[in-house]
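**Student:** Before I ask anything, let me first share the structure, which is written out below as structure tokens.
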Amino acid sequence: MPFVKKSHPFRVAPSYGIKIRAPHALVMTFLFRSGSLREKLRAILQATYTHSRKLACFVFAYKGLCTLQSRMQGETRQLHSFLAAFIGGWLVFGENSNINSQINMYLTSRVLFALCRLGVEKGYIPQPRWDPFPVLTAVVWGLVLWLFEYHRLTLQPSLQSSMTYLYEDSNVWHDISDFLIYNKSRSSE
């Protein structure tokens, strides 16, 4: 059997955080943030560092708490995973910040999808006779645009920025550069 090197959460989680956060921060910063190039680069590095550090801390807490519970009880139980993640999530991602908010929203949508699939698999929810995805899509898009138009401040700030860019800034047209680069109102108007 070949030698398999065990990974360590403080080596794996930061690299994953960098792969996930750096491209997102780069795009969002250059699209929606004002300031000098230096300020933008600093914001990208800060967001990437924060995301990576938080993931590493969570993985360490989760694995440590799972191990502790299984050693205390002499076996591994499904509840151990939930309790370890509950405590780790509270400690690492419990503060209401932009990065925590984005991570939690990302997870919320995927958890809801997974719970629906689990409900069907276990028989708690009947197997749909038709694909519910188009209806879900229509409801989500209907709600998000209604919220944007009439209750904008309830939406997360980066979503507000994206939707402002798409649905309001697009009303302004100067030349082809608006389409290719960035269609923002010019101060001369």
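Chains: A, B, ... in order of the structure tokens. Residues: from 1 per chain. Ligands: from 1, in order shown.
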Write out as number ranges by chain each polymer residue whose atoms come within 10 Å of Tyr62 (chain A), counting only C-alpha atoms; drop sequence neighbours fewer than 4 positions from it.
**Tutor:** A: 9, 56-58, 66-68, 80-89
**Student:** Can I get the selection written as a CSV table (one decimal), in the first residue's frame, with N, CA and C atoms?
**Tutor:**
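The file below, out_34.csv, is the result:
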chain,number,residue,atom,x,y,z
A,9,PRO,N,-5.9,20.6,8.3
A,9,PRO,CA,-6.9,21.6,7.9
A,9,PRO,C,-6.2,23.0,7.7
A,56,ALA,N,-10.2,27.6,7.5
A,56,ALA,CA,-9.2,26.8,8.3
A,56,ALA,C,-9.6,26.6,9.7
A,57,CYS,N,-10.1,27.7,10.3
A,57,CYS,CA,-10.5,27.6,11.7
A,57,CYS,C,-11.7,26.7,11.9
A,58,PHE,N,-12.7,26.8,10.9
A,58,PHE,CA,-13.8,26.0,11.0
A,58,PHE,C,-13.5,24.5,10.9
A,66,CYS,N,-15.5,16.7,16.4
A,66,CYS,CA,-16.0,15.3,16.0
A,66,CYS,C,-15.1,14.3,16.7
A,67,THR,N,-13.8,14.4,16.6
A,67,THR,CA,-12.9,13.5,17.3
A,67,THR,C,-13.1,13.4,18.8
A,68,LEU,N,-13.3,14.6,19.4
A,68,LEU,CA,-13.5,14.6,20.8
A,68,LEU,C,-14.8,13.8,21.2
A,80,HIS,N,-22.9,13.7,16.1
A,80,HIS,CA,-21.6,14.3,16.3
A,80,HIS,C,-21.3,15.4,15.2
A,81,SER,N,-21.5,15.0,14.0
A,81,SER,CA,-21.3,15.9,12.9
A,81,SER,C,-22.1,17.2,13.0
A,82,PHE,N,-23.4,17.0,13.3
A,82,PHE,CA,-24.2,18.2,13.5
A,82,PHE,C,-23.7,19.1,14.6
A,83,LEU,N,-23.5,18.5,15.8
A,83,LEU,CA,-23.1,19.3,16.9
A,83,LEU,C,-21.7,20.0,16.7
A,84,ALA,N,-20.8,19.3,16.1
A,84,ALA,CA,-19.5,19.9,15.9
A,84,ALA,C,-19.6,21.1,14.9
A,85,ALA,N,-20.4,20.9,13.8
A,85,ALA,CA,-20.6,22.0,12.9
A,85,ALA,C,-21.4,23.1,13.4
A,86,PHE,N,-22.3,22.8,14.3
A,86,PHE,CA,-23.2,23.8,14.9
A,86,PHE,C,-22.3,24.7,15.8
A,87,ILE,N,-21.4,24.1,16.6
A,87,ILE,CA,-20.6,24.9,17.5
A,87,ILE,C,-19.5,25.6,16.7
A,88,GLY,N,-18.9,24.9,15.7
A,88,GLY,CA,-17.9,25.6,14.9
A,88,GLY,C,-18.5,26.7,14.1
A,89,GLY,N,-19.7,26.5,13.5
A,89,GLY,CA,-20.3,27.5,12.7
A,89,GLY,C,-20.7,28.8,13.6
**Student:** Do you know which residues are at most 12 Å from region 98-108 of chain A counting only C-alpha atoms, after dropping those on the same chain fewer than 3 positions away, and could you put them as a ChimeraX atom specification?
**Tutor:** /A:17,20-21,24-25,44,46-55,58,89-95,111-115,155-159
**Student:** To one decimal place in Å, what is the distance between CA of Tyr165 (chain A) and CA of Phe32 (chain A)?
**Tutor:**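 Distance reported for this atom pair: 8.7 Å.
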**Student:** DSSP on the backbone, then: every residue of chain A marked helix (DSSP H, G or I), written as a VMD selection string.
**Tutor:** chain A and resid 9 to 32 37 to 73 78 to 93 98 to 122 133 to 150 152 to 154 157 to 167 169 to 171 176 to 180
**Student:** Between CA of Met163 (chain A) and CA of Ala22 (chain A), what is the distance in Å, rounded to a tenth?
**Tutor:** 21.7 Å
**Student:** Between CA of Ser170 (chain A) and CA of Leu143 (chain A), what is the distance, to one decimal in Å?
**Tutor:**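 Distance between the two atoms: 20.7 Å.
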**Student:** Quick one: residues within 12 Å of Leu145 (chain A), only C-alpha atoms, excluding same-chain residues fewer than 4 positions away - as a list in words?
**Tutor:**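 With the cut-off at 12 Å, the set is Ala138, Val139, Val140, Trp141, Glu149, Tyr150, His151, Arg152, Thr154, Leu155, Leu159, Gln160, Ser162, Met163, Thr164, Leu166 and Tyr167 of chain A.
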